[in-house]
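Peer 1: Provided herewith: structure-v2.txt, compact mmCIF, C-alpha atoms and all ligand atoms.
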```txt
# COMPACT_ATOMS: atom_id res chain seq x y z
CA MET Z 1 -5.99 6.85 -20.07
CA THR Z 2 -7.26 8.23 -16.75
CA ASN Z 3 -7.51 11.96 -16.06
CA PHE Z 4 -4.73 13.62 -14.12
CA THR Z 5 -3.58 16.99 -12.86
CA PHE Z 6 0.10 17.90 -12.80
CA THR Z 7 1.54 20.90 -10.96
CA THR Z 8 5.11 22.07 -10.46
CA THR Z 9 7.22 25.09 -9.56
CA PRO Z 10 6.60 27.77 -12.21
CA LYS Z 11 10.24 28.84 -12.65
CA ILE Z 12 13.26 26.57 -12.39
CA ILE Z 13 16.81 27.85 -12.82
CA PHE Z 14 19.43 25.09 -13.23
CA GLU Z 15 22.84 26.72 -13.53
CA PRO Z 16 26.31 26.06 -12.06
CA GLY Z 17 27.26 29.17 -10.07
CA ALA Z 18 23.65 30.43 -9.72
CA ALA Z 19 23.99 30.59 -5.91
CA ARG Z 20 26.54 33.39 -6.28
CA ARG Z 21 23.95 35.52 -8.05
CA LEU Z 22 21.02 34.56 -5.85
CA GLY Z 23 20.66 38.21 -4.79
CA VAL Z 24 19.89 39.35 -8.34
CA ILE Z 25 17.50 36.41 -8.82
CA VAL Z 26 15.45 37.10 -5.68
CA ALA Z 27 15.56 40.93 -5.94
CA THR Z 28 12.72 40.88 -8.46
CA ARG Z 29 10.42 39.48 -5.74
CA MET Z 30 11.63 40.88 -2.39
CA LYS Z 31 13.67 43.58 -0.69
CA ARG Z 32 13.88 42.29 2.92
CA PRO Z 33 14.45 38.53 2.59
CA ILE Z 34 15.05 36.16 5.46
CA LEU Z 35 17.57 33.48 4.41
CA LEU Z 36 16.93 30.14 6.10
CA THR Z 37 19.69 27.56 6.40
CA ASP Z 38 21.52 25.45 8.95
CA LYS Z 39 24.91 25.67 10.60
CA GLY Z 40 26.33 22.86 8.45
CA LEU Z 41 25.86 25.00 5.35
CA VAL Z 42 27.47 27.99 7.02
CA ALA Z 43 30.45 25.85 8.09
CA ALA Z 44 30.74 24.49 4.53
CA GLY Z 45 31.26 28.09 3.35
CA LEU Z 46 28.14 28.10 1.19
CA ILE Z 47 26.30 30.97 2.85
CA ALA Z 48 28.84 33.81 2.85
CA PRO Z 49 28.81 34.25 -0.97
CA VAL Z 50 25.00 34.25 -0.96
CA LEU Z 51 24.88 36.99 1.69
CA GLU Z 52 27.40 38.99 -0.35
CA SER Z 53 25.21 38.65 -3.42
CA PHE Z 54 22.24 39.92 -1.38
CA THR Z 55 24.18 42.98 -0.29
CA SER Z 56 25.39 43.65 -3.85
CA ALA Z 57 21.78 43.46 -5.05
CA GLY Z 58 20.78 46.11 -2.49
CA LEU Z 59 18.75 43.75 -0.30
CA ASP Z 60 18.33 44.11 3.46
CA ALA Z 61 18.67 40.42 4.28
CA LYS Z 62 18.53 38.60 7.60
CA LEU Z 63 20.29 35.25 8.10
CA TYR Z 64 18.52 32.56 10.16
CA ASP Z 65 20.89 29.58 10.45
CA GLU Z 66 19.12 27.68 13.24
CA VAL Z 67 17.18 25.29 11.00
CA GLU Z 68 17.44 21.76 12.40
CA ALA Z 69 17.50 18.45 10.55
CA ASP Z 70 14.00 17.01 10.28
CA PRO Z 71 12.55 20.23 11.69
CA SER Z 72 10.51 20.26 14.89
CA VAL Z 73 7.38 22.35 15.37
CA ALA Z 74 9.21 24.46 17.99
CA ARG Z 75 12.02 25.33 15.58
CA VAL Z 76 9.58 26.27 12.82
CA HIS Z 77 7.87 28.66 15.26
CA ASP Z 78 11.25 30.12 16.14
CA ALA Z 79 11.98 30.77 12.44
CA ILE Z 80 8.56 32.40 11.96
CA GLU Z 81 9.30 34.74 14.88
CA ALA Z 82 12.68 35.64 13.38
CA ALA Z 83 10.98 36.49 10.06
CA ARG Z 84 8.43 38.68 11.88
CA ARG Z 85 11.17 40.52 13.83
CA HIS Z 86 12.93 41.30 10.54
CA ASP Z 87 9.62 42.31 8.92
CA ALA Z 88 10.62 40.03 6.04
CA ASP Z 89 8.88 40.53 2.70
CA GLY Z 90 10.21 37.29 1.21
CA VAL Z 91 11.71 33.94 2.22
CA VAL Z 92 14.76 32.23 0.71
CA ALA Z 93 16.10 28.80 1.70
CA MET Z 94 19.50 27.45 0.88
CA GLY Z 95 20.01 23.91 2.12
CA GLY Z 96 18.48 20.48 2.16
CA GLY Z 97 14.87 19.46 2.69
CA SER Z 98 14.99 20.65 6.28
CA SER Z 99 15.77 24.26 5.32
CA MET Z 100 13.37 24.26 2.35
CA ASP Z 101 10.50 22.70 4.33
CA THR Z 102 10.98 25.22 7.14
CA ALA Z 103 11.03 28.08 4.62
CA LYS Z 104 7.74 26.97 3.06
CA LEU Z 105 6.01 27.11 6.44
CA VAL Z 106 7.54 30.46 7.34
CA ALA Z 107 6.37 31.90 4.01
CA VAL Z 108 2.74 30.83 4.53
CA LEU Z 109 2.46 31.57 8.26
CA VAL Z 110 4.39 34.77 8.84
CA LYS Z 111 1.48 37.04 7.87
CA SER Z 112 -1.26 34.55 8.71
CA ASP Z 113 -3.78 34.08 11.54
CA GLN Z 114 -3.46 30.32 11.14
CA SER Z 115 -1.32 28.24 13.48
CA LEU Z 116 0.98 25.51 12.25
CA ALA Z 117 -1.40 22.83 13.58
CA ASP Z 118 -4.26 24.44 11.58
CA ILE Z 119 -2.52 23.61 8.30
CA TYR Z 120 -1.57 19.96 8.93
CA GLY Z 121 -2.86 17.67 6.20
CA LEU Z 122 -4.14 18.45 2.74
CA ASP Z 123 -5.20 21.86 1.36
CA ASN Z 124 -5.64 23.69 4.66
CA VAL Z 125 -3.53 26.79 3.96
CA ASN Z 126 -5.54 30.04 3.67
CA GLY Z 127 -4.32 33.48 2.97
CA HIS Z 128 -1.28 35.10 1.59
CA ARG Z 129 2.16 33.54 1.18
CA LEU Z 130 5.30 35.65 1.02
CA PRO Z 131 7.45 35.30 -2.11
CA LEU Z 132 9.48 32.10 -1.77
CA VAL Z 133 12.73 31.01 -3.45
CA LEU Z 134 14.30 27.61 -2.71
CA ALA Z 135 17.87 26.53 -3.50
CA PRO Z 136 18.54 22.83 -2.72
CA THR Z 137 22.04 21.77 -1.65
CA THR Z 138 21.31 18.05 -1.24
CA ALA Z 139 20.21 15.77 -4.07
CA GLY Z 140 17.84 15.23 -2.48
CA THR Z 141 14.36 15.65 -1.33
CA GLY Z 142 13.13 17.51 -4.40
CA SER Z 143 11.33 19.82 -1.97
CA GLU Z 144 12.07 22.73 -4.35
CA VAL Z 145 9.42 21.30 -6.69
CA THR Z 146 6.94 19.81 -4.21
CA SER Z 147 3.95 21.28 -2.38
CA ILE Z 148 4.91 19.33 0.74
CA SER Z 149 6.52 20.23 4.04
CA VAL Z 150 7.20 17.71 6.79
CA VAL Z 151 7.56 18.58 10.49
CA THR Z 152 8.10 16.51 13.61
CA THR Z 153 5.46 17.14 16.31
CA GLU Z 154 5.90 17.22 20.09
CA ALA Z 155 4.61 13.60 20.05
CA ASP Z 156 7.59 12.56 17.84
CA GLU Z 157 5.33 12.07 14.83
CA LYS Z 158 6.22 13.27 11.35
CA VAL Z 159 3.29 15.25 9.97
CA GLY Z 160 2.87 16.45 6.39
CA ILE Z 161 1.47 19.76 5.22
CA VAL Z 162 0.43 19.53 1.57
CA ASP Z 163 -0.95 22.55 -0.26
CA ASP Z 164 -0.29 24.22 -3.62
CA ALA Z 165 0.70 27.35 -1.67
CA LEU Z 166 3.91 25.50 -0.73
CA PHE Z 167 5.26 25.43 -4.28
CA PRO Z 168 7.95 28.14 -4.35
CA ASP Z 169 7.97 30.93 -6.93
CA ILE Z 170 11.46 29.99 -8.07
CA ALA Z 171 13.71 26.95 -7.61
CA VAL Z 172 17.41 27.69 -8.05
CA LEU Z 173 19.55 24.59 -8.62
CA ASP Z 174 23.29 25.14 -8.53
CA PRO Z 175 25.12 21.80 -8.67
CA GLU Z 176 28.36 23.44 -7.49
CA THR Z 177 26.77 23.86 -4.05
CA THR Z 178 26.51 20.07 -3.69
CA ILE Z 179 30.25 19.37 -4.22
CA GLY Z 180 31.05 19.44 -0.48
CA LEU Z 181 28.15 17.24 0.56
CA PRO Z 182 29.65 14.56 2.86
CA ARG Z 183 29.62 10.99 1.55
CA HIS Z 184 27.03 9.65 3.99
CA VAL Z 185 24.65 12.53 3.18
CA THR Z 186 25.25 12.10 -0.57
CA ALA Z 187 24.35 8.42 -0.23
CA ALA Z 188 21.30 8.79 1.99
CA THR Z 189 19.77 11.75 0.14
CA GLY Z 190 20.51 10.15 -3.24
CA ILE Z 191 18.73 6.95 -2.17
CA ASP Z 192 15.81 9.05 -0.84
CA ALA Z 193 15.51 10.56 -4.33
CA MET Z 194 15.55 7.10 -5.96
CA VAL Z 195 12.78 6.03 -3.57
CA HIS Z 196 10.74 9.08 -4.64
CA ALA Z 197 10.98 7.95 -8.26
CA ILE Z 198 10.15 4.29 -7.51
CA GLU Z 199 7.22 5.07 -5.18
CA ALA Z 200 5.78 7.66 -7.60
CA TYR Z 201 5.86 4.98 -10.31
CA THR Z 202 3.93 2.45 -8.21
CA ASN Z 203 1.33 4.81 -6.64
CA VAL Z 204 -2.07 3.13 -6.89
CA HIS Z 205 -4.21 6.31 -7.03
CA ARG Z 206 -2.32 9.07 -8.76
CA LYS Z 207 0.14 7.36 -11.09
CA ASN Z 208 0.09 9.46 -14.26
CA PRO Z 209 2.06 9.56 -17.53
CA VAL Z 210 3.98 12.76 -16.72
CA SER Z 211 5.14 11.47 -13.33
CA ASP Z 212 5.99 8.12 -14.95
CA ALA Z 213 8.25 9.71 -17.56
CA LEU Z 214 9.94 11.88 -14.93
CA ALA Z 215 10.37 8.95 -12.54
CA ARG Z 216 12.04 6.75 -15.18
CA GLU Z 217 14.49 9.47 -16.19
CA ALA Z 218 15.13 10.41 -12.55
CA LEU Z 219 15.92 6.82 -11.63
CA ARG Z 220 18.24 6.48 -14.64
CA LEU Z 221 20.19 9.62 -13.69
CA LEU Z 222 20.31 8.85 -9.97
CA SER Z 223 21.22 5.16 -10.20
CA ASN Z 224 23.96 5.88 -12.74
CA ASN Z 225 25.57 8.63 -10.69
CA VAL Z 226 25.05 8.03 -6.98
CA VAL Z 227 28.10 5.78 -6.52
CA THR Z 228 30.33 8.15 -8.51
CA ALA Z 229 29.07 11.12 -6.46
CA CYS Z 230 29.97 9.18 -3.28
CA GLU Z 231 33.41 8.04 -4.47
CA SER Z 232 34.45 11.09 -6.50
CA PRO Z 233 32.70 13.95 -4.72
CA ARG Z 234 34.23 16.60 -7.00
CA ASP Z 235 32.88 14.98 -10.17
CA THR Z 236 30.80 17.89 -11.42
CA ALA Z 237 28.92 15.86 -14.04
CA ALA Z 238 27.83 13.30 -11.43
CA ARG Z 239 26.79 16.08 -9.02
CA ALA Z 240 24.77 17.83 -11.74
CA ASN Z 241 23.07 14.59 -12.75
CA MET Z 242 22.17 13.88 -9.12
CA LEU Z 243 20.68 17.33 -8.61
CA LEU Z 244 18.71 17.10 -11.85
CA GLY Z 245 17.56 13.55 -11.03
CA SER Z 246 16.41 14.51 -7.55
CA MET Z 247 14.40 17.40 -8.97
CA LEU Z 248 12.73 15.20 -11.60
CA ALA Z 249 11.90 12.64 -8.90
CA GLY Z 250 10.44 15.48 -6.81
CA GLN Z 251 8.21 16.56 -9.68
CA ALA Z 252 7.11 12.94 -10.12
CA PHE Z 253 6.15 12.29 -6.50
CA ALA Z 254 4.64 15.75 -5.93
CA ASN Z 255 1.93 14.54 -8.33
CA SER Z 256 1.99 10.82 -7.53
CA PRO Z 257 2.87 10.57 -3.84
CA VAL Z 258 5.16 8.11 -2.08
CA GLY Z 259 4.15 4.91 -0.25
CA ALA Z 260 5.27 2.36 2.31
CA VAL Z 261 9.04 2.95 2.21
CA HIS Z 262 8.40 6.49 3.41
CA ALA Z 263 5.59 5.46 5.78
CA LEU Z 264 7.83 2.87 7.47
CA ALA Z 265 10.77 5.27 7.53
CA TYR Z 266 8.83 8.06 9.29
CA PRO Z 267 8.83 6.55 12.83
CA LEU Z 268 12.59 5.89 12.60
CA THR Z 269 13.06 9.62 12.18
CA GLY Z 270 10.26 10.70 14.53
CA ILE Z 271 11.35 8.55 17.47
CA PHE Z 272 15.07 7.92 16.86
CA HIS Z 273 16.06 10.96 14.78
CA ILE Z 274 17.53 8.77 12.02
CA PRO Z 275 18.01 11.17 9.05
CA HIS Z 276 15.20 10.94 6.50
CA GLY Z 277 17.29 9.54 3.64
CA LEU Z 278 18.98 6.93 5.84
CA ALA Z 279 15.60 5.83 7.24
CA ASN Z 280 14.36 5.30 3.67
CA SER Z 281 17.53 3.42 2.72
CA LEU Z 282 17.01 1.05 5.65
CA MET Z 283 13.40 0.22 4.74
CA LEU Z 284 13.85 0.06 0.96
CA GLU Z 285 14.69 -3.63 0.45
CA PRO Z 286 12.03 -5.20 2.70
CA VAL Z 287 9.29 -2.96 1.27
CA LEU Z 288 10.29 -3.64 -2.36
CA LYS Z 289 10.28 -7.40 -1.71
CA PHE Z 290 6.90 -7.12 0.05
CA ASN Z 291 5.41 -5.00 -2.74
CA ALA Z 292 6.77 -7.18 -5.54
CA LEU Z 293 3.78 -9.51 -5.16
CA ALA Z 294 1.58 -6.69 -6.53
CA ALA Z 295 4.07 -4.41 -8.29
CA ALA Z 296 6.32 -6.87 -10.17
CA PRO Z 297 5.23 -5.63 -13.65
CA LEU Z 298 6.09 -2.04 -12.69
CA TYR Z 299 9.42 -2.96 -11.08
CA ALA Z 300 10.14 -4.97 -14.24
CA GLU Z 301 9.57 -1.83 -16.34
CA LEU Z 302 11.86 0.21 -14.09
CA GLY Z 303 14.67 -2.27 -14.73
CA ALA Z 304 15.39 -0.40 -17.98
CA ALA Z 305 16.35 2.69 -15.94
CA LEU Z 306 19.08 0.56 -14.30
CA GLY Z 307 20.24 -0.72 -17.68
CA LEU Z 308 18.74 -4.20 -17.20
CA ASP Z 309 17.70 -6.54 -19.98
CA ALA Z 310 13.99 -6.53 -20.85
CA SER Z 311 13.61 -10.27 -21.42
CA GLY Z 312 12.07 -12.82 -19.03
CA SER Z 313 8.94 -12.94 -16.88
CA ASP Z 314 7.77 -9.91 -14.89
CA GLU Z 315 8.68 -11.74 -11.69
CA ALA Z 316 12.23 -12.50 -12.86
CA ARG Z 317 12.76 -8.93 -14.10
CA SER Z 318 11.30 -7.51 -10.89
CA SER Z 319 13.74 -9.61 -8.80
CA ALA Z 320 16.61 -8.52 -11.04
CA PHE Z 321 15.53 -4.89 -10.53
CA ILE Z 322 15.51 -5.23 -6.73
CA SER Z 323 18.90 -7.05 -6.70
CA ARG Z 324 20.59 -4.49 -8.93
CA LEU Z 325 19.15 -1.57 -6.97
CA MET Z 326 20.38 -3.06 -3.69
CA GLU Z 327 23.86 -3.58 -5.22
CA ILE Z 328 23.94 0.15 -5.94
CA VAL Z 329 22.66 1.00 -2.46
CA ASN Z 330 25.35 -1.25 -0.90
CA ALA Z 331 28.08 0.33 -3.03
CA THR Z 332 27.27 3.75 -1.50
CA GLY Z 333 28.27 2.36 1.91
CA VAL Z 334 25.03 3.43 3.63
CA ASP Z 335 24.00 1.55 6.84
CA ARG Z 336 21.72 -1.40 6.11
CA LYS Z 337 20.61 -2.65 9.54
CA LEU Z 338 18.45 -1.07 12.25
CA SER Z 339 20.90 -2.43 14.84
CA GLN Z 340 23.64 -0.27 13.23
CA VAL Z 341 21.62 2.86 14.05
CA GLY Z 342 20.90 1.99 17.68
CA ILE Z 343 17.48 0.33 17.37
CA SER Z 344 16.77 -2.93 19.23
CA HIS Z 345 14.14 -5.67 18.87
CA ASN Z 346 12.17 -4.29 21.83
CA ASP Z 347 11.62 -1.01 19.97
CA LEU Z 348 9.94 -2.62 16.99
CA PRO Z 349 6.30 -2.93 18.22
CA LYS Z 350 6.09 0.80 18.99
CA ILE Z 351 7.75 1.65 15.64
CA ALA Z 352 5.29 -0.58 13.75
CA GLU Z 353 2.35 1.01 15.61
CA ASP Z 354 3.50 4.48 14.64
CA ALA Z 355 3.95 3.42 11.01
CA MET Z 356 0.29 2.38 10.93
CA ASN Z 357 -0.61 6.02 11.66
CA VAL Z 358 0.99 7.15 8.40
CA GLN Z 359 -2.14 6.29 6.39
CA ARG Z 360 -1.62 9.45 4.28
CA LEU Z 361 1.20 7.54 2.55
CA LEU Z 362 0.20 3.91 3.12
CA VAL Z 363 -2.91 4.41 0.96
CA ASN Z 364 -0.61 5.04 -2.03
CA ASN Z 365 1.21 1.73 -1.67
CA PRO Z 366 0.63 -1.07 -4.20
CA ARG Z 367 -0.04 -3.57 -1.37
CA GLU Z 368 -1.95 -3.02 1.86
CA VAL Z 369 0.40 -3.04 4.85
CA THR Z 370 -0.93 -4.38 8.17
CA TYR Z 371 0.71 -3.99 11.58
CA ASP Z 372 2.02 -7.57 11.32
CA ASP Z 373 3.45 -6.89 7.86
CA ALA Z 374 5.20 -3.77 9.13
CA LEU Z 375 6.62 -5.61 12.14
CA ALA Z 376 7.91 -8.37 9.85
CA MET Z 377 9.60 -5.84 7.55
CA TYR Z 378 11.33 -4.09 10.47
CA THR Z 379 12.42 -7.47 11.86
CA GLU Z 380 13.91 -8.38 8.45
CA VAL Z 381 16.37 -5.46 8.68
CA MET Z 382 17.32 -5.78 12.39
N1 LIG L 401 9.10 18.55 1.12
C1 LIG L 401 9.36 17.43 0.53
O1 LIG L 401 8.86 17.19 -0.55
C2 LIG L 401 10.26 16.45 1.19
C3 LIG L 401 10.59 15.26 0.56
C4 LIG L 401 11.46 14.38 1.20
C5 LIG L 401 11.97 14.72 2.44
N2 LIG L 401 11.60 15.88 3.04
C6 LIG L 401 12.14 16.30 4.35
O2 LIG L 401 13.43 16.86 4.15
C7 LIG L 401 14.22 16.66 5.32
C8 LIG L 401 15.54 16.03 4.98
O3 LIG L 401 16.24 16.83 4.07
P1 LIG L 401 17.68 16.40 3.50
O4 LIG L 401 17.73 14.94 3.39
O5 LIG L 401 17.91 17.20 2.29
O6 LIG L 401 18.69 16.79 4.65
P2 LIG L 401 18.87 18.08 5.60
O7 LIG L 401 18.31 19.30 5.01
O8 LIG L 401 18.36 17.68 6.96
O9 LIG L 401 20.46 18.22 5.62
C9 LIG L 401 21.25 17.14 6.12
C10 LIG L 401 22.62 17.62 6.52
O10 LIG L 401 23.38 17.90 5.37
C11 LIG L 401 24.08 19.12 5.51
N3 LIG L 401 24.22 19.68 4.16
C12 LIG L 401 23.23 19.94 3.28
N4 LIG L 401 23.74 20.36 2.12
C13 LIG L 401 25.08 20.40 2.27
C14 LIG L 401 26.16 20.74 1.39
N5 LIG L 401 25.93 21.10 0.13
N6 LIG L 401 27.41 20.66 1.87
C15 LIG L 401 27.64 20.25 3.14
N7 LIG L 401 26.66 19.88 4.01
C16 LIG L 401 25.40 19.97 3.57
C17 LIG L 401 23.20 19.95 6.41
O11 LIG L 401 23.96 20.92 7.10
C18 LIG L 401 22.65 18.91 7.36
O12 LIG L 401 23.53 18.69 8.43
C19 LIG L 401 13.36 15.81 6.25
O13 LIG L 401 12.73 16.61 7.22
C20 LIG L 401 12.36 15.19 5.32
O14 LIG L 401 11.15 14.82 5.97
C21 LIG L 401 10.79 16.74 2.42
FE FE L 402 11.80 11.32 0.91
```
Show how you would write the structure in this file as structure tokens.

Peer 2:
Amino acid sequence: MTNFTFTTTPKIIFEPGAARRLGVIVATRMKRPILLTDKGLVAAGLIAPVLESFTSAGLDAKLYDEVEADPSVARVHDAIEAARRHDADGVVAMGGGSSMDTAKLVAVLVKSDQSLADIYGLDNVNGHRLPLVLAPTTAGTGSEVTSISVVTTEADEKVGIVDDALFPDIAVLDPETTIGLPRHVTAATGIDAMVHAIEAYTNVHRKNPVSDALAREALRLLSNNVVTACESPRDTAARANMLLGSMLAGQAFANSPVGAVHALAYPLTGIFHIPHGLANSLMLEPVLKFNALAAAPLYAELGAALGLDASGSDEARSSAFISRLMEIVNATGVDRKLSQVGISHNDLPKIAEDAMNVQRLLVNNPREVTYDDALAMYTEVM
């Protein structure tokens, strides 16, 4: 067995109703928190009880609800300024990956001399991070258990910041907060989480036995519950299984990073603002088929997570895995074609060029992806 290192969030609270006592949970770490979220969460009624719990716990909290989906550099700077104005001594996020990723950057930069651009890439964060508590409301990015934050630059490129300083002190998972998640967000974020599990399992450099075990269980939970969560949004068991599955997938890929599905999805978000999960859903099938040439034995193993029979050749089981997974994806009702999201044939060369810049993720993929390969995969889903 090869050596590996595995890191995760030190404290994880998984508890229906935990959001209503978030004040008590964070009060051990901070007195003047800034709460980062977006307007969708406020409109869904999820933020008022949290603010009440902050007041009851004696905290002087400031709400920042201007987080944007797939956060831009400018909006992250705006959030940092808001935290400075409040003289925040801790950062809390309640929301999806966009709120949590913004909160991570606020927590490391608010008291720092470094600029956001200084910390792009791997292990570039110096200095002190404010206490950080993350409560996911999508299931989801798994950002509550990853050391990753993703921002969109002025040049429409998605850039990753990866550093152990970005693990929060506490992750608070309250499945009740995901009940009102709209169907299309449930589908897209649930498929994103399944992609995290699959890509962690096939990483060529950092695949490790802990991530493997987490990825298999994550994929089992997610694939068995995503359609129910879409069709019966108030099914609390399905919602809890999705939130747990997305967290396990997050732990898996935080230590065995994602590959070409994410790399090819990035330009769709950077240039066309297609939500992250939807962009992954669109690229999933062509990348799995492309990778199967190298990854068939691993896809065959993952078939068990979808309840598939373990007999037959690796190639046959790998094809069965891809077919069954795409049946599940289709049953969620998520868009499947780039033309459905406003992308035309003429856009593809620029998209494929941008995907080639995402070497940070492409190096993890089981097969090398050239520009021509990328263009062919985009063309397949036009
Ligand atoms: N840090 C990581 O490890 C990691 C991993 C994957 C993706 N990401 C990043 O995360 C971002 C995407 O995050 P996301 O997919 O969670 O979506 P999101 O945070 O952008 O939220 C999507 C939408 O869902 C709404 N919403 C969220 N929870 C809700 C709820 N419970 N009820 C009603 N509405 C709700 C929000 O208001 C928003 O409009 C991207 O920027 C992506 O790059 C980060
Ligand atoms: Fe993702």

Peer 1: Pull the closest atom pair for each residue of chain Z that gets at most 6 Å from ligand LIG 401 (chain L), along with the distance in Å to one decimal, counting all atoms listed in the file, ordering rows by chain and then ascending residue number, as JSON lines.

Peer 2:
```
{"residue": "Z:Asp38", "atom": "CA", "partner": "L:LIG401", "partner_atom": "O11", "distance": 5.5}
{"residue": "Z:Lys39", "atom": "CA", "partner": "L:LIG401", "partner_atom": "O11", "distance": 6.0}
{"residue": "Z:Gly40", "atom": "CA", "partner": "L:LIG401", "partner_atom": "O11", "distance": 3.3}
{"residue": "Z:Leu41", "atom": "CA", "partner": "L:LIG401", "partner_atom": "O11", "distance": 4.8}
{"residue": "Z:Ala44", "atom": "CA", "partner": "L:LIG401", "partner_atom": "C15", "distance": 5.4}
{"residue": "Z:Ala69", "atom": "CA", "partner": "L:LIG401", "partner_atom": "O8", "distance": 3.8}
{"residue": "Z:Asp70", "atom": "CA", "partner": "L:LIG401", "partner_atom": "O13", "distance": 3.3}
{"residue": "Z:Pro71", "atom": "CA", "partner": "L:LIG401", "partner_atom": "O13", "distance": 5.8}
{"residue": "Z:Gly95", "atom": "CA", "partner": "L:LIG401", "partner_atom": "N4", "distance": 5.1}
{"residue": "Z:Gly96", "atom": "CA", "partner": "L:LIG401", "partner_atom": "O7", "distance": 3.1}
{"residue": "Z:Gly97", "atom": "CA", "partner": "L:LIG401", "partner_atom": "O3", "distance": 3.3}
{"residue": "Z:Ser98", "atom": "CA", "partner": "L:LIG401", "partner_atom": "O7", "distance": 3.8}
{"residue": "Z:Ser99", "atom": "CA", "partner": "L:LIG401", "partner_atom": "O7", "distance": 5.6}
{"residue": "Z:Asp101", "atom": "CA", "partner": "L:LIG401", "partner_atom": "N1", "distance": 5.4}
{"residue": "Z:Thr137", "atom": "CA", "partner": "L:LIG401", "partner_atom": "N5", "distance": 4.3}
{"residue": "Z:Thr138", "atom": "CA", "partner": "L:LIG401", "partner_atom": "N4", "distance": 4.7}
{"residue": "Z:Gly140", "atom": "CA", "partner": "L:LIG401", "partner_atom": "O5", "distance": 5.2}
{"residue": "Z:Thr141", "atom": "CA", "partner": "L:LIG401", "partner_atom": "C4", "distance": 4.1}
{"residue": "Z:Gly142", "atom": "CA", "partner": "L:LIG401", "partner_atom": "O1", "distance": 5.8}
{"residue": "Z:Ser143", "atom": "CA", "partner": "L:LIG401", "partner_atom": "O1", "distance": 3.9}
{"residue": "Z:Thr146", "atom": "CA", "partner": "L:LIG401", "partner_atom": "O1", "distance": 4.9}
{"residue": "Z:Ile148", "atom": "CA", "partner": "L:LIG401", "partner_atom": "N1", "distance": 4.3}
{"residue": "Z:Ser149", "atom": "CA", "partner": "L:LIG401", "partner_atom": "N1", "distance": 4.2}
{"residue": "Z:Val150", "atom": "CA", "partner": "L:LIG401", "partner_atom": "O14", "distance": 5.0}
{"residue": "Z:Thr177", "atom": "CA", "partner": "L:LIG401", "partner_atom": "N5", "distance": 5.1}
{"residue": "Z:Thr178", "atom": "CA", "partner": "L:LIG401", "partner_atom": "N5", "distance": 4.0}
{"residue": "Z:Gly180", "atom": "CA", "partner": "L:LIG401", "partner_atom": "N6", "distance": 4.5}
{"residue": "Z:Leu181", "atom": "CA", "partner": "L:LIG401", "partner_atom": "N6", "distance": 3.7}
{"residue": "Z:Val185", "atom": "CA", "partner": "L:LIG401", "partner_atom": "O10", "distance": 5.9}
{"residue": "Z:Thr189", "atom": "CA", "partner": "L:LIG401", "partner_atom": "O4", "distance": 5.0}
{"residue": "Z:His276", "atom": "CA", "partner": "L:LIG401", "partner_atom": "C19", "distance": 5.2}
{"residue": "Z:Gly277", "atom": "CA", "partner": "L:LIG401", "partner_atom": "O4", "distance": 5.4}
```

Peer 1: With C-alpha atoms retained, write the just-selected residues as a CSV table (one decimal), in the coordinates of the input.

Peer 2:
```csv
chain,number,residue,atom,x,y,z
Z,38,ASP,CA,21.5,25.4,9.0
Z,39,LYS,CA,24.9,25.7,10.6
Z,40,GLY,CA,26.3,22.9,8.4
Z,41,LEU,CA,25.9,25.0,5.4
Z,44,ALA,CA,30.7,24.5,4.5
Z,69,ALA,CA,17.5,18.4,10.6
Z,70,ASP,CA,14.0,17.0,10.3
Z,71,PRO,CA,12.6,20.2,11.7
Z,95,GLY,CA,20.0,23.9,2.1
Z,96,GLY,CA,18.5,20.5,2.2
Z,97,GLY,CA,14.9,19.5,2.7
Z,98,SER,CA,15.0,20.6,6.3
Z,99,SER,CA,15.8,24.3,5.3
Z,101,ASP,CA,10.5,22.7,4.3
Z,137,THR,CA,22.0,21.8,-1.6
Z,138,THR,CA,21.3,18.0,-1.2
Z,140,GLY,CA,17.8,15.2,-2.5
Z,141,THR,CA,14.4,15.6,-1.3
Z,142,GLY,CA,13.1,17.5,-4.4
Z,143,SER,CA,11.3,19.8,-2.0
Z,146,THR,CA,6.9,19.8,-4.2
Z,148,ILE,CA,4.9,19.3,0.7
Z,149,SER,CA,6.5,20.2,4.0
Z,150,VAL,CA,7.2,17.7,6.8
Z,177,THR,CA,26.8,23.9,-4.0
Z,178,THR,CA,26.5,20.1,-3.7
Z,180,GLY,CA,31.0,19.4,-0.5
Z,181,LEU,CA,28.2,17.2,0.6
Z,185,VAL,CA,24.6,12.5,3.2
Z,189,THR,CA,19.8,11.8,0.1
Z,276,HIS,CA,15.2,10.9,6.5
Z,277,GLY,CA,17.3,9.5,3.6
```

Peer 1: Within 9 Å of Ile343 of chain Z, counting all atoms listed in the file, which residues show up once you throw out same-chain ones fewer than 4 positions away? Write them as a list in words, please.

Peer 2: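 My list of contacting residues is Leu268, Phe272, Lys337, Leu338, Ser339, Asp347, Leu348 and Met382 of chain Z.
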
Peer 1: Do you have the atom CA of Glu231 of chain Z-atom CA of Leu306 of chain Z distance handy?

Peer 2: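 Interatomic distance, atom CA of Glu231 of chain Z to atom CA of Leu306 of chain Z: 18.9 Å.
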
Peer 1: Ligand FE 402 (chain L): which residues are within 10 Å, counting all atoms listed in the file? Reply as a ChimeraX atom specification.

Peer 2: /Z:97,140-143,150,188-197,199,249-250,253,258,261-263,265-266,276-281

Peer 1: For Gly303 of chain Z, which residue out of Z:Thr370, Z:Asn346, Z:Ser223, Z:Thr332 is the nearest one, using only C-alpha atoms?

Peer 2: Z:Ser223

Peer 1: Give me the residues near Leu325 of chain Z as JSON, numbers by chain, where near means some atom within 12 Å (using all atoms listed in the file) and where sequence neighbours in that chain fewer than 4 positions away do not count.

Peer 2: {"Z": [191, 194, 195, 198, 219, 220, 222, 223, 224, 226, 227, 281, 284, 285, 288, 289, 299, 302, 303, 304, 305, 306, 307, 308, 318, 319, 320, 321, 329, 330, 331, 332]}
